[in-house]
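S.K.: Here you go, one structure.
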Amino acid sequence: MKLGFIGLGHMGSAMAANLLAAGHDLTVYNRTKAKAAPLVKRGAHLADTPGATARGEVVITMLADDHAVDEAVFGDDGILVALSPDAIHISMSTISVADSERLTRAHREKRQEFVAAPVFGRPDAAASAKLFTVPAGKREVVERCQPLFDVLGQRTFPIGDEPPMANLVKLSGNFLIASVIVSARRWPW
């Protein structure tokens, strides 16, 4: 597949490396261009703007928060203006339900596909392709993305047709994990 990948932090760089190793034609973007250098040395193409990553079949975002995703999507040189109709934006970032709703509406208006697919796992799990992926979006679009999820993780848990559902599951899961950690640190009471 011809893919774009935006966000080369600890998680994103490992995920992008796995996609590249699987033989995908990968174009990468990161605000700090030096973070892309190891992937470019291995055959990835370097984009100058977020929109330049969105010229293939799929663009994946793995960014820190709502603001970073919104900059990559809604900016003048962003994904929304560059992604062709029927191409797919997969947001694997942990973002708010409200932002996921906004992204869903914006992509629908442009006749682009959107899948929210946040992941559970740390950078070491990303590097070893052991993430757990929780996608939501149109069933046929999630199925088109499944080969990518297989490269990135050990298990996929599709949960529905509306992308914001995936973000709700991810945020709820993070809350549950944090609650268990806090409880364990306080044990015994």
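Residue numbering restarts at 1 in every chain; chains get A, B, ... in the order shown in the structure tokens, and ligands count up from 1 in that same order.
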Segment 29-49 of chain A near segment 10-22 of chain A within 12 Å: what's each residue's closest atom pair and its distance in Å to one decimal, counting only C-alpha atoms, ordered by chain then ascending residue number, as JSON lines?
M.R.:
```
{"residue": "A:Tyr29", "atom": "CA", "partner": "A:Ser13", "partner_atom": "CA", "distance": 10.4}
{"residue": "A:Asn30", "atom": "CA", "partner": "A:Ser13", "partner_atom": "CA", "distance": 9.8}
{"residue": "A:Ala34", "atom": "CA", "partner": "A:Ser13", "partner_atom": "CA", "distance": 11.6}
{"residue": "A:Lys35", "atom": "CA", "partner": "A:Ser13", "partner_atom": "CA", "distance": 7.9}
{"residue": "A:Ala36", "atom": "CA", "partner": "A:Ser13", "partner_atom": "CA", "distance": 7.9}
{"residue": "A:Ala37", "atom": "CA", "partner": "A:Ser13", "partner_atom": "CA", "distance": 10.4}
{"residue": "A:Pro38", "atom": "CA", "partner": "A:Ala17", "partner_atom": "CA", "distance": 8.9}
{"residue": "A:Leu39", "atom": "CA", "partner": "A:Ala17", "partner_atom": "CA", "distance": 6.6}
{"residue": "A:Val40", "atom": "CA", "partner": "A:Leu20", "partner_atom": "CA", "distance": 9.9}
{"residue": "A:Lys41", "atom": "CA", "partner": "A:Ala17", "partner_atom": "CA", "distance": 11.0}
{"residue": "A:Arg42", "atom": "CA", "partner": "A:Leu20", "partner_atom": "CA", "distance": 7.9}
{"residue": "A:Gly43", "atom": "CA", "partner": "A:Leu20", "partner_atom": "CA", "distance": 7.6}
{"residue": "A:Ala44", "atom": "CA", "partner": "A:Leu20", "partner_atom": "CA", "distance": 7.0}
{"residue": "A:His45", "atom": "CA", "partner": "A:Leu20", "partner_atom": "CA", "distance": 10.4}
```
S.K.: Do you know which residues are at most 10 Å from Phe74 of chain A counting only C-alpha atoms, after dropping those on the same chain fewer than 4 positions away, and could you put them as a list in words?
M.R.: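 The filter keeps Pro50, Gly51, Val69, Asp70, Gly78, Ile79, Leu80, Val81, Leu103 and Ala106 of chain A.
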S.K.: Find the residue from A:Asp150, A:Ser91, A:Asn174, A:Val119 that sits nearest to Gly137 of chain A; use only C-alpha atoms when measuring.
M.R.: A:Ser91
S.K.: Nearest residue to Val141 of chain A out of A:Arg31, A:Lys170, A:His89, A:Arg155, using only C-alpha atoms?
M.R.: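 Going through A:Arg31, A:Lys170, A:His89, A:Arg155 one by one, the smallest distance to Val141 of chain A is for A:His89.
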S.K.: Quick check, in Å to one decimal: how far apart do atom CA of His107 of chain A and atom CA of Phe132 of chain A lie?
M.R.: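 Spanning atom CA of His107 of chain A to atom CA of Phe132 of chain A is a straight-line distance of 24.9 Å.
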S.K.: What lies within 10 Å of Val169 of chain A using only C-alpha atoms, ignoring chain neighbours under 6 positions off, as a list in words?
M.R.: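 That gives Val97, Pro118, Val134, Pro135, Ile159 and Phe175 of chain A.
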S.K.: Using C-alpha atoms, can you write the selected residues to a file as a PDB file, in the first residue's frame?
M.R.:
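Resulting contents of result11.pdb:
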```pdb
ATOM      1  CA  VAL A  97     -14.409  11.940  21.769  1.00  0.00           C
ATOM      2  CA  PRO A 118      -6.278   4.040  19.138  1.00  0.00           C
ATOM      3  CA  VAL A 134      -9.400  -0.700  18.917  1.00  0.00           C
ATOM      4  CA  PRO A 135     -10.788   0.520  15.565  1.00  0.00           C
ATOM      5  CA  ILE A 159     -16.075  -2.037  18.194  1.00  0.00           C
ATOM      6  CA  PHE A 175      -8.857   5.607  33.231  1.00  0.00           C
TER       7      PHE A 175
END
```
